[in-house]
Every structure is written in structure tokens, then in C-alpha cells.
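Chemist: Mind looking over this structure? Questions follow.
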Amino acid sequence: MQAANRGHTRWGIVLPFLALPVVVLGVLIIGLFLWAWSDDDEPRADARTGAAATVPCTEALAFGAAERPANARAHDCTVQRGIDTSYSAVLRMPREDVRDWLRETYPDAPEPRTGGGACGALCLDVTHENGLPGTAEAHVVQVRVEHVNAETALVRFSAFTM
């Protein structure tokens, strides 16, 4: 009569085959979670290098609750994303229309400053505390105006979170 092998079962062979589906399912769930948290549908600015991504100018201006004036040409519109978000746009427009555009866009903001230096010909800084509309996603809007010639102004628009 032969003695039964006690302590040995066939689980040592079957267990790896049962664990394989659990591992595959775990990898799929983790992959799905990472895919859901990605934001690939948005233009990307590399947060590691700080590189800016080009965006439509309407998007850049809208972040600061502004619209492109009818008589302005917008270009060089970008976004940088990282801890904070920063949009910028450059507008060329008639000098005589700049103040009216700023008053219409930010009616509750303080008067724009004049005075050269880093400010250029005209500056405006607007926050939610001093006139930024509630529709703005930005926390701060900065506008810097330079006179290109007797008729044209170069407007640098920045809207960002803090």
C-alpha cells in the first residue's frame, strides 16, 4: 500500500493561472484611471519646461473676460499651464480706440495709468477686488500699451491665475 503525499496539493500549479487574470485586470484598471485623469483634449504647454502652447485669440481674451475689438488684429496668443494658468495675446489697434475698449471691457476698473518705464504708454491691472468681471476665469488681468506710431497701438494682454 502506498502512502498518500500529505501537504502537497495541486494549488502550486493552478494558483499562477488564477492570478494572471487578476494582474491583467489590475493593469487595465490603473490604465483606465490614468487615461481618465489626462487632459489630452486641451492644447498642452509643457509644465516641466514652461513652454507655451498657441491657442485661439478668442480663448486667450475670454480667460480675462475680454473680447477682441472689431478694429483690432490679434496675434501671438498663447497659454502656459502648470500650477497656475497664464494666457497672453498681442493686439494691434488704433491708438484712439484703446481707452474706450478698456472702459467697455472693464467698466468697474480703475483708470489706466500712464507714465513710461515698464508700463509703456498705458497700463491697466485688474483683479476681482478692483473691477474684474465675475465671468473672468483669471484672477488678474494686465494690459500694457505701447505706441507704435501716431495711429497704431500695440496692446499686450495677460490674464492669469495665482
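In the C-alpha cells, chains take letters A, B, ... by order of appearance, with residues numbered from 1 within each chain and ligands from 1 in the order shown.
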Just list the residues in region 36-108 of chain A DSSP gives helix (DSSP H, G or I) on the backbone, as a PDB file with N, CA, C and O atoms, in the first residue's frame.
Modeler:
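What follows is the written file part.pdb:
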```pdb
ATOM      1  N   ALA A  36      -8.268  58.573 -17.743  1.00  0.00           N
ATOM      2  CA  ALA A  36      -9.365  59.464 -17.350  1.00  0.00           C
ATOM      3  C   ALA A  36      -8.838  60.763 -16.759  1.00  0.00           C
ATOM      4  O   ALA A  36      -9.462  61.815 -16.907  1.00  0.00           O
ATOM      5  N   TRP A  37      -7.719  60.735 -16.098  1.00  0.00           N
ATOM      6  CA  TRP A  37      -7.167  61.929 -15.466  1.00  0.00           C
ATOM      7  C   TRP A  37      -6.322  62.775 -16.407  1.00  0.00           C
ATOM      8  O   TRP A  37      -5.927  63.869 -16.075  1.00  0.00           O
ATOM      9  N   CYS A  57      -7.059  83.267 -30.246  1.00  0.00           N
ATOM     10  CA  CYS A  57      -7.024  84.531 -29.506  1.00  0.00           C
ATOM     11  C   CYS A  57      -8.325  84.794 -28.753  1.00  0.00           C
ATOM     12  O   CYS A  57      -8.307  85.402 -27.682  1.00  0.00           O
ATOM     13  N   THR A  58      -9.450  84.316 -29.274  1.00  0.00           N
ATOM     14  CA  THR A  58     -10.710  84.481 -28.548  1.00  0.00           C
ATOM     15  C   THR A  58     -10.652  83.766 -27.202  1.00  0.00           C
ATOM     16  O   THR A  58     -11.187  84.261 -26.218  1.00  0.00           O
ATOM     17  N   GLU A  59      -9.984  82.611 -27.151  1.00  0.00           N
ATOM     18  CA  GLU A  59      -9.841  81.862 -25.899  1.00  0.00           C
ATOM     19  C   GLU A  59      -8.959  82.626 -24.910  1.00  0.00           C
ATOM     20  O   GLU A  59      -9.279  82.725 -23.724  1.00  0.00           O
ATOM     21  N   ALA A  60      -7.856  83.170 -25.408  1.00  0.00           N
ATOM     22  CA  ALA A  60      -6.935  83.908 -24.537  1.00  0.00           C
ATOM     23  C   ALA A  60      -7.616  85.134 -23.941  1.00  0.00           C
ATOM     24  O   ALA A  60      -7.499  85.405 -22.741  1.00  0.00           O
ATOM     25  N   LEU A  61      -8.344  85.882 -24.765  1.00  0.00           N
ATOM     26  CA  LEU A  61      -9.030  87.080 -24.277  1.00  0.00           C
ATOM     27  C   LEU A  61     -10.187  86.721 -23.348  1.00  0.00           C
ATOM     28  O   LEU A  61     -10.401  87.375 -22.325  1.00  0.00           O
ATOM     29  N   ALA A  62     -10.929  85.678 -23.684  1.00  0.00           N
ATOM     30  CA  ALA A  62     -12.083  85.283 -22.871  1.00  0.00           C
ATOM     31  C   ALA A  62     -11.669  84.862 -21.465  1.00  0.00           C
ATOM     32  O   ALA A  62     -12.431  85.049 -20.509  1.00  0.00           O
ATOM     33  N   PHE A  63     -10.471  84.311 -21.297  1.00  0.00           N
ATOM     34  CA  PHE A  63      -9.990  83.922 -19.970  1.00  0.00           C
ATOM     35  C   PHE A  63      -9.956  85.127 -19.037  1.00  0.00           C
ATOM     36  O   PHE A  63     -10.170  85.010 -17.834  1.00  0.00           O
ATOM     37  N   ARG A  95      -4.729 103.680 -31.868  1.00  0.00           N
ATOM     38  CA  ARG A  95      -4.439 104.255 -30.554  1.00  0.00           C
ATOM     39  C   ARG A  95      -5.675 104.895 -29.938  1.00  0.00           C
ATOM     40  O   ARG A  95      -5.919 104.773 -28.742  1.00  0.00           O
ATOM     41  N   GLU A  96      -6.458 105.560 -30.752  1.00  0.00           N
ATOM     42  CA  GLU A  96      -7.619 106.294 -30.233  1.00  0.00           C
ATOM     43  C   GLU A  96      -8.696 105.379 -29.667  1.00  0.00           C
ATOM     44  O   GLU A  96      -9.559 105.830 -28.917  1.00  0.00           O
ATOM     45  N   ASP A  97      -8.659 104.077 -29.988  1.00  0.00           N
ATOM     46  CA  ASP A  97      -9.696 103.148 -29.528  1.00  0.00           C
ATOM     47  C   ASP A  97      -9.332 102.386 -28.259  1.00  0.00           C
ATOM     48  O   ASP A  97     -10.181 101.712 -27.684  1.00  0.00           O
ATOM     49  N   VAL A  98      -8.080 102.471 -27.830  1.00  0.00           N
ATOM     50  CA  VAL A  98      -7.625 101.654 -26.702  1.00  0.00           C
ATOM     51  C   VAL A  98      -8.381 101.970 -25.411  1.00  0.00           C
ATOM     52  O   VAL A  98      -8.912 101.084 -24.751  1.00  0.00           O
ATOM     53  N   ARG A  99      -8.445 103.232 -25.039  1.00  0.00           N
ATOM     54  CA  ARG A  99      -9.111 103.597 -23.769  1.00  0.00           C
ATOM     55  C   ARG A  99     -10.588 103.213 -23.777  1.00  0.00           C
ATOM     56  O   ARG A  99     -11.105 102.726 -22.768  1.00  0.00           O
ATOM     57  N   ASP A 100     -11.274 103.440 -24.897  1.00  0.00           N
ATOM     58  CA  ASP A 100     -12.694 103.058 -24.976  1.00  0.00           C
ATOM     59  C   ASP A 100     -12.854 101.552 -24.818  1.00  0.00           C
ATOM     60  O   ASP A 100     -13.770 101.097 -24.119  1.00  0.00           O
ATOM     61  N   TRP A 101     -11.985 100.770 -25.446  1.00  0.00           N
ATOM     62  CA  TRP A 101     -12.058  99.309 -25.326  1.00  0.00           C
ATOM     63  C   TRP A 101     -11.849  98.882 -23.869  1.00  0.00           C
ATOM     64  O   TRP A 101     -12.585  98.036 -23.362  1.00  0.00           O
ATOM     65  N   LEU A 102     -10.888  99.488 -23.191  1.00  0.00           N
ATOM     66  CA  LEU A 102     -10.640  99.145 -21.794  1.00  0.00           C
ATOM     67  C   LEU A 102     -11.822  99.533 -20.905  1.00  0.00           C
ATOM     68  O   LEU A 102     -12.218  98.765 -20.026  1.00  0.00           O
ATOM     69  N   ARG A 103     -12.418 100.701 -21.151  1.00  0.00           N
ATOM     70  CA  ARG A 103     -13.591 101.116 -20.347  1.00  0.00           C
ATOM     71  C   ARG A 103     -14.779 100.190 -20.576  1.00  0.00           C
ATOM     72  O   ARG A 103     -15.505  99.880 -19.633  1.00  0.00           O
ATOM     73  N   GLU A 104     -15.011  99.783 -21.820  1.00  0.00           N
ATOM     74  CA  GLU A 104     -16.129  98.880 -22.128  1.00  0.00           C
ATOM     75  C   GLU A 104     -15.891  97.486 -21.550  1.00  0.00           C
ATOM     76  O   GLU A 104     -16.821  96.843 -21.066  1.00  0.00           O
ATOM     77  N   THR A 105     -14.660  97.024 -21.612  1.00  0.00           N
ATOM     78  CA  THR A 105     -14.333  95.675 -21.152  1.00  0.00           C
ATOM     79  C   THR A 105     -14.318  95.589 -19.640  1.00  0.00           C
ATOM     80  O   THR A 105     -14.812  94.620 -19.056  1.00  0.00           O
TER      81      THR A 105
END
```
Chemist: Show me, as a PDB file with C-alpha atoms, in the first residue's frame, the residues that have an atom within 12 Å of region 70-81 of chain A when counting only C-alpha atoms, minus same-chain residues fewer than 3 positions from it.
Modeler:
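part.pdb, written as the output of this step:
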```pdb
ATOM      1  CA  ASP A  39      -6.298  66.269 -20.319  1.00  0.00           C
ATOM      2  CA  GLU A  42      -6.638  70.671 -24.361  1.00  0.00           C
ATOM      3  CA  PRO A  43      -3.648  72.306 -26.008  1.00  0.00           C
ATOM      4  CA  ARG A  44      -0.652  71.393 -23.946  1.00  0.00           C
ATOM      5  CA  ALA A  45       2.010  73.608 -22.605  1.00  0.00           C
ATOM      6  CA  ASP A  46       4.846  71.622 -21.135  1.00  0.00           C
ATOM      7  CA  ALA A  47       4.653  72.303 -17.392  1.00  0.00           C
ATOM      8  CA  ARG A  48       8.178  70.939 -16.892  1.00  0.00           C
ATOM      9  CA  THR A  49       9.815  73.356 -19.330  1.00  0.00           C
ATOM     10  CA  GLY A  50       7.287  76.198 -19.136  1.00  0.00           C
ATOM     11  CA  ALA A  51       6.811  76.171 -22.910  1.00  0.00           C
ATOM     12  CA  ALA A  52       3.738  77.994 -24.146  1.00  0.00           C
ATOM     13  CA  ALA A  53       1.154  76.499 -26.499  1.00  0.00           C
ATOM     14  CA  THR A  54      -0.602  78.505 -29.204  1.00  0.00           C
ATOM     15  CA  VAL A  55      -4.351  78.966 -28.680  1.00  0.00           C
ATOM     16  CA  PRO A  56      -7.124  80.863 -30.471  1.00  0.00           C
ATOM     17  CA  CYS A  57      -7.024  84.531 -29.506  1.00  0.00           C
ATOM     18  CA  THR A  58     -10.710  84.481 -28.548  1.00  0.00           C
ATOM     19  CA  GLU A  59      -9.841  81.862 -25.899  1.00  0.00           C
ATOM     20  CA  ALA A  60      -6.935  83.908 -24.537  1.00  0.00           C
ATOM     21  CA  LEU A  61      -9.030  87.080 -24.277  1.00  0.00           C
ATOM     22  CA  ALA A  62     -12.083  85.283 -22.871  1.00  0.00           C
ATOM     23  CA  PHE A  63      -9.990  83.922 -19.970  1.00  0.00           C
ATOM     24  CA  GLU A  67     -13.305  90.314 -26.486  1.00  0.00           C
ATOM     25  CA  ASP A  84      -1.158  78.398 -12.443  1.00  0.00           C
ATOM     26  CA  THR A  85      -2.611  79.177 -15.875  1.00  0.00           C
ATOM     27  CA  SER A  86      -1.465  82.155 -17.915  1.00  0.00           C
ATOM     28  CA  TYR A  87      -2.888  83.379 -21.217  1.00  0.00           C
ATOM     29  CA  SER A  88      -1.418  86.142 -23.331  1.00  0.00           C
ATOM     30  CA  ALA A  89      -2.388  87.928 -26.532  1.00  0.00           C
ATOM     31  CA  VAL A  90      -0.986  90.739 -28.613  1.00  0.00           C
ATOM     32  CA  LEU A  91      -3.366  93.188 -30.303  1.00  0.00           C
ATOM     33  CA  ARG A  92      -2.655  95.881 -32.880  1.00  0.00           C
ATOM     34  CA  MET A  93      -5.329  98.519 -32.915  1.00  0.00           C
ATOM     35  CA  PRO A  94      -5.888 102.244 -33.450  1.00  0.00           C
ATOM     36  CA  ARG A  95      -4.439 104.255 -30.554  1.00  0.00           C
ATOM     37  CA  GLU A  96      -7.619 106.294 -30.233  1.00  0.00           C
ATOM     38  CA  ASP A  97      -9.696 103.148 -29.528  1.00  0.00           C
ATOM     39  CA  VAL A  98      -7.625 101.654 -26.702  1.00  0.00           C
ATOM     40  CA  TRP A 101     -12.058  99.309 -25.326  1.00  0.00           C
ATOM     41  CA  THR A 152      -1.320 102.401 -34.018  1.00  0.00           C
ATOM     42  CA  ALA A 153      -1.006 100.871 -30.563  1.00  0.00           C
ATOM     43  CA  LEU A 154       0.468  97.514 -29.617  1.00  0.00           C
ATOM     44  CA  VAL A 155      -1.568  96.053 -26.741  1.00  0.00           C
ATOM     45  CA  ARG A 156      -0.088  93.223 -24.673  1.00  0.00           C
ATOM     46  CA  PHE A 157      -2.848  91.412 -22.794  1.00  0.00           C
ATOM     47  CA  SER A 158      -2.102  88.931 -19.979  1.00  0.00           C
ATOM     48  CA  ALA A 159      -4.652  87.034 -17.913  1.00  0.00           C
ATOM     49  CA  PHE A 160      -3.552  84.559 -15.254  1.00  0.00           C
ATOM     50  CA  THR A 161      -4.411  82.711 -12.069  1.00  0.00           C
ATOM     51  CA  MET A 162      -2.429  82.922  -8.833  1.00  0.00           C
TER      52      MET A 162
END
```
Chemist: When you count only C-alpha atoms, which of these residues is closest to Ala66 (chain A): A:Pro107, A:Asn149, A:Val14, A:Pro112?
Modeler: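 Comparing A:Pro107, A:Asn149, A:Val14, A:Pro112 against Ala66 (chain A), the winner is A:Pro107.
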Chemist: Within 10 Å of Pro110 (chain A), counting only C-alpha atoms, which residues qualify if same-chain residues fewer than 2 places away don't, as JSON, numbers by chain?
Modeler: {"A": [103, 106, 107, 108, 112, 113, 124, 125, 126, 130, 131]}
Chemist: Would you mind exporting the chosen residues as a compact mmCIF listing (two decimals), in the first residue's frame, restricted to C-alpha atoms?
Modeler:
```txt
# COMPACT_ATOMS: atom_id res chain seq x y z
CA ARG A 103 -13.59 101.12 -20.35
CA TYR A 106 -13.62 96.61 -17.52
CA PRO A 107 -16.15 99.32 -16.56
CA ASP A 108 -15.52 98.95 -12.81
CA PRO A 112 -5.42 103.14 -16.78
CA ARG A 113 -2.07 104.56 -15.66
CA LEU A 124 -4.07 98.61 -16.52
CA ASP A 125 -4.02 95.97 -13.77
CA VAL A 126 -7.39 94.49 -12.84
CA ASN A 130 -10.94 96.16 -8.26
CA GLY A 131 -13.18 95.59 -11.25
```
Chemist: Just list the residues in chain A DSSP gives strand (DSSP E or B) on the backbone, as a ChimeraX atom specification.
Modeler: /A:53-54,73-81,85-94,113,120,122-127,140-147,152-160
Chemist: When you count only C-alpha atoms, which of these residues is closest to Leu122 (chain A): A:Val22, A:Ile13, A:Val143, A:Val148?
Modeler: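 For Leu122 (chain A), the nearest of the candidates is A:Val143.
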Chemist: Could you work out how far CA of Ala109 (chain A) lies from CA of Leu132 (chain A), giving the answer in Å with one decimal?
Modeler: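 Pair CA of Leu132 (chain A) / CA of Ala109 (chain A) returns 6.8 Å.
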Chemist: Restricting the calculation to only C-alpha atoms, which member of A:His139, A:Pro21, A:Val145, A:Pro133 is positioned closest to Ala121 (chain A)?
Modeler: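 Among A:His139, A:Pro21, A:Val145, A:Pro133, it is A:Val145 that comes nearest to Ala121 (chain A).
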Chemist: Just checking: using only C-alpha atoms, which residue out of A:Ala138, A:Arg144, A:Leu20, A:His128 ends up closest to Gly115 (chain A)?
Modeler: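 The shortest atom-to-atom distance to Gly115 (chain A) comes from A:Arg144.
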Chemist: If I take CA of Val140 (chain A) and CA of Gly82 (chain A), how far is one from the other in Å, to one decimal?
Modeler: 16.3 Å
